[in-house]
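A.B. asks: Before anything else, here's the structure in question.
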Amino acid sequence: MIAFVENHHNFIFNTLPAFFHNKWVIMVLNLFFFYLLIKVSNFFIEKFVNKLTSYKDDFEYKKQIITLKSIVKSAVDTIIIIFAVMFVLNGLGVDIRPILTAAGVLGVAVGFGAKRFFEDIITGLSLILEGQIRVGDYVDISGHEGVVEKIDIKLVKLRDLQGRVHYIRNGMVDTVVNYTREFSYYVFDMGVAYNENIDNVISALHEVDEDFRKNSPLKKEVLAPMEVLGLDKFDDSAIVVRARIKTKPIKQWEVGRAYNKAIKEKFDQKGIQIPFPQCDVHFFKQGEEQSNIN
């Protein structure tokens, strides 16, 4: 590597006109060369990734390729920057052999105390290669939820609904909840009044679902008909019917809000009551049992 650096520097120095023999000019030229090299390498990586993603129309596959692209670009840029520093130092007349030797010794010494660093790298490689997290996924990591904006061998970057950014070391990742792997579900817990006919409620839900999948602007985001799971529980003021919608990844909340609006309109149309918290008060004459409040 050292010989390559020196040969490259000597070649540039001997072939350029005399005006460019100044070491500062050489340094600027080297920096410009490596800057162009980074830009060109990133350009070809982008082109290669775009070609890969065009072969397969699969949303999950594309997210995986995009995630790997950021890792490859980061690694290539780091290698080029290391070479750039070596060229500049050599051009300034600095002998880089002692620096490399010292860096090697220092690296060994630091390695003994760099347990967390290596944990981050090993866990990061595992997360990336296994495809547990991809750029664009909505995940829950260590109690932090958000969309994955970046993942590399050191950390995961999440942005939550409020726009806050969470930086999580890979070594801190224990359990990952991925809300957007292959497909998603939006779960409805519809509370209706106790005097409502459950079959009528279920029928209304199916009507909403059928109309939504035919006419809604979001119909392409729904992957299957609504699953009505039935009467789920008895609350204080309502009986709860549970259902769920299967959607494309990360589309469950947008679709769910649209369904909620359509269900409210359908229930109003059919006169199905969505109750609010209430209580019954019973009065007794003097001498009878004390008032009971439910």
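Ligands are numbered from 1 in the order shown, residues from 1 within each chain, and chains are lettered A, B, ... in the order they appear in the structure tokens.
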Select from region 115-233 of chain A everything DSSP, run on the backbone, classes as helix (DSSP H, G or I), then give the selection as number ranges by chain.

C.D. replies: A: 115-130, 170-172, 198-215, 219-221

A.B. asks: Write out as a PyMOL selection string the residues lying within 10 Å of Gln132 (chain A), counting only C-alpha atoms and excluding same-chain residues fewer than 2 positions away.

C.D. replies: chain A and resi 64+126-130+134+137+139+176-178+181

A.B. asks: Give me a file of those residues, with C-alpha atoms, as a PDB file, in the first residue's frame.

C.D. replies:
```
ATOM      1  CA  GLN A  64     -33.433  -4.610   1.478  1.00  0.00           C
ATOM      2  CA  SER A 126     -26.659  -9.441  11.837  1.00  0.00           C
ATOM      3  CA  LEU A 127     -29.536  -6.954  11.546  1.00  0.00           C
ATOM      4  CA  ILE A 128     -28.605  -6.077   7.963  1.00  0.00           C
ATOM      5  CA  LEU A 129     -27.831  -9.553   6.628  1.00  0.00           C
ATOM      6  CA  GLU A 130     -30.918 -11.129   8.202  1.00  0.00           C
ATOM      7  CA  ARG A 134     -34.656  -2.034   6.449  1.00  0.00           C
ATOM      8  CA  ASP A 137     -39.590   0.176   8.005  1.00  0.00           C
ATOM      9  CA  VAL A 139     -40.171  -0.399  14.060  1.00  0.00           C
ATOM     10  CA  VAL A 176     -37.149  -5.563  17.351  1.00  0.00           C
ATOM     11  CA  VAL A 177     -40.872  -5.162  16.593  1.00  0.00           C
ATOM     12  CA  ASN A 178     -41.257  -4.537  12.861  1.00  0.00           C
ATOM     13  CA  ARG A 181     -42.673  -6.591   7.214  1.00  0.00           C
TER      14      ARG A 181
END
```

A.B. asks: May I ask for the distance between CA of Leu205 (chain A) and CA of Lys248 (chain A), given in Å to one decimal place?

C.D. replies: 20.4 Å

A.B. asks: Find the distance between CA of Ala238 (chain A) and CA of Val255 (chain A) and write it in Å to one decimal.

C.D. replies: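 Going from CA of Ala238 (chain A) over to CA of Val255 (chain A), I get 24.5 Å.
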
A.B. asks: Identify, on the basis of only C-alpha atoms, every residue whose closest approach to Lys233 (chain A) does not exceed 12 Å; exclude the query and any residue fewer than 4 positions from it along the same chain; express the result as a PyMOL selection string.

C.D. replies: chain A and resi 189-192+194+229+237-242

A.B. asks: Would you mind exporting N, CA and C atoms of the selected residues as a PDB file, in the first residue's frame?

C.D. replies:
```pdb
ATOM      1  N   ASP A 189     -61.453  -1.966  17.057  1.00  0.00           N
ATOM      2  CA  ASP A 189     -62.263  -2.343  18.219  1.00  0.00           C
ATOM      3  C   ASP A 189     -63.462  -1.405  18.226  1.00  0.00           C
ATOM      4  N   MET A 190     -64.578  -1.861  17.636  1.00  0.00           N
ATOM      5  CA  MET A 190     -65.757  -1.021  17.464  1.00  0.00           C
ATOM      6  C   MET A 190     -66.721  -1.226  18.630  1.00  0.00           C
ATOM      7  N   GLY A 191     -66.871  -0.188  19.458  1.00  0.00           N
ATOM      8  CA  GLY A 191     -67.816  -0.272  20.563  1.00  0.00           C
ATOM      9  C   GLY A 191     -69.196   0.204  20.140  1.00  0.00           C
ATOM     10  N   VAL A 192     -70.213  -0.627  20.356  1.00  0.00           N
ATOM     11  CA  VAL A 192     -71.597  -0.267  20.034  1.00  0.00           C
ATOM     12  C   VAL A 192     -72.466  -0.465  21.269  1.00  0.00           C
ATOM     13  N   TYR A 194     -75.332  -1.652  23.934  1.00  0.00           N
ATOM     14  CA  TYR A 194     -75.740  -3.001  24.320  1.00  0.00           C
ATOM     15  C   TYR A 194     -77.029  -3.448  23.633  1.00  0.00           C
ATOM     16  N   LEU A 229     -63.775 -10.494  13.398  1.00  0.00           N
ATOM     17  CA  LEU A 229     -63.475 -11.564  14.347  1.00  0.00           C
ATOM     18  C   LEU A 229     -64.627 -11.836  15.300  1.00  0.00           C
ATOM     19  N   SER A 237     -69.766   0.433  29.049  1.00  0.00           N
ATOM     20  CA  SER A 237     -70.855   1.117  28.361  1.00  0.00           C
ATOM     21  C   SER A 237     -71.063   0.627  26.940  1.00  0.00           C
ATOM     22  N   ALA A 238     -70.335  -0.416  26.528  1.00  0.00           N
ATOM     23  CA  ALA A 238     -70.430  -0.861  25.139  1.00  0.00           C
ATOM     24  C   ALA A 238     -70.045  -2.324  25.018  1.00  0.00           C
ATOM     25  N   ILE A 239     -70.516  -2.927  23.945  1.00  0.00           N
ATOM     26  CA  ILE A 239     -70.012  -4.233  23.541  1.00  0.00           C
ATOM     27  C   ILE A 239     -69.073  -3.992  22.356  1.00  0.00           C
ATOM     28  N   VAL A 240     -67.968  -4.712  22.339  1.00  0.00           N
ATOM     29  CA  VAL A 240     -66.893  -4.413  21.395  1.00  0.00           C
ATOM     30  C   VAL A 240     -66.798  -5.509  20.342  1.00  0.00           C
ATOM     31  N   VAL A 241     -66.908  -5.095  19.094  1.00  0.00           N
ATOM     32  CA  VAL A 241     -66.726  -5.997  17.960  1.00  0.00           C
ATOM     33  C   VAL A 241     -65.340  -5.741  17.387  1.00  0.00           C
ATOM     34  N   ARG A 242     -64.572  -6.813  17.226  1.00  0.00           N
ATOM     35  CA  ARG A 242     -63.199  -6.667  16.723  1.00  0.00           C
ATOM     36  C   ARG A 242     -63.125  -7.122  15.267  1.00  0.00           C
TER      37      ARG A 242
END
```

A.B. asks: At what distance in Å, to one decimal, does CA of Ile151 (chain A) lie from CA of Val40 (chain A)?

C.D. replies: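 Distance reported for this atom pair: 22.9 Å.
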
A.B. asks: I'd like the contact shell of Ile263 (chain A) - 9 Å cut-off, only C-alpha atoms, skipping same-chain residues fewer than 2 positions apart - returned as a list in words.

C.D. replies: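 The residues satisfying every condition are Ala204, Leu205, Val208, Asp209, Ala258, Tyr259, Asn260, Lys261, Glu265, Lys266, Phe267 and Asp268 of chain A.
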
A.B. asks: Mind writing the picked residues with N, CA and C atoms as an mmCIF file, in the first residue's frame?

C.D. replies:
```cif
data_model
loop_
_atom_site.group_PDB
_atom_site.id
_atom_site.type_symbol
_atom_site.label_atom_id
_atom_site.label_comp_id
_atom_site.auth_asym_id
_atom_site.auth_seq_id
_atom_site.Cartn_x
_atom_site.Cartn_y
_atom_site.Cartn_z
ATOM 1 N N ALA A 204 -73.050 -4.281 8.618
ATOM 2 C CA ALA A 204 -72.672 -2.913 8.256
ATOM 3 C C ALA A 204 -71.175 -2.803 8.000
ATOM 4 N N LEU A 205 -70.376 -3.496 8.803
ATOM 5 C CA LEU A 205 -68.936 -3.486 8.605
ATOM 6 C C LEU A 205 -68.558 -4.092 7.254
ATOM 7 N N VAL A 208 -69.323 -1.607 4.490
ATOM 8 C CA VAL A 208 -68.291 -0.575 4.426
ATOM 9 C C VAL A 208 -67.051 -1.114 3.707
ATOM 10 N N ASP A 209 -66.656 -2.327 4.070
ATOM 11 C CA ASP A 209 -65.462 -2.922 3.486
ATOM 12 C C ASP A 209 -65.615 -3.122 1.980
ATOM 13 N N ALA A 258 -59.159 6.089 7.234
ATOM 14 C CA ALA A 258 -60.199 6.204 6.202
ATOM 15 C C ALA A 258 -61.360 5.252 6.501
ATOM 16 N N TYR A 259 -61.060 4.053 6.974
ATOM 17 C CA TYR A 259 -62.107 3.101 7.347
ATOM 18 C C TYR A 259 -62.923 3.630 8.520
ATOM 19 N N ASN A 260 -62.251 4.212 9.506
ATOM 20 C CA ASN A 260 -62.972 4.740 10.669
ATOM 21 C C ASN A 260 -64.008 5.786 10.243
ATOM 22 N N LYS A 261 -63.617 6.647 9.331
ATOM 23 C CA LYS A 261 -64.535 7.675 8.830
ATOM 24 C C LYS A 261 -65.723 7.024 8.116
ATOM 25 N N GLU A 265 -69.819 7.008 9.257
ATOM 26 C CA GLU A 265 -70.893 7.445 8.360
ATOM 27 C C GLU A 265 -71.929 6.344 8.154
ATOM 28 N N LYS A 266 -71.478 5.105 8.015
ATOM 29 C CA LYS A 266 -72.408 3.985 7.822
ATOM 30 C C LYS A 266 -73.245 3.756 9.076
ATOM 31 N N PHE A 267 -72.628 3.822 10.256
ATOM 32 C CA PHE A 267 -73.374 3.631 11.495
ATOM 33 C C PHE A 267 -74.413 4.735 11.676
ATOM 34 N N ASP A 268 -74.063 5.967 11.339
ATOM 35 C CA ASP A 268 -75.031 7.060 11.420
ATOM 36 C C ASP A 268 -76.196 6.813 10.467
#
```

A.B. asks: List the spatial neighbours of Ile198 (chain A) as a list of chain:residue names - criterion: any atom at most 9 Å away, only C-alpha atoms, same-chain residues fewer than 2 positions off excluded.

C.D. replies: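 Near Ile198 (chain A), the qualifying residues are A:Val192, A:Glu196, A:Asn200, A:Val201, A:Ile202, A:Ser203, A:Gly230, A:Leu231, A:Val241.
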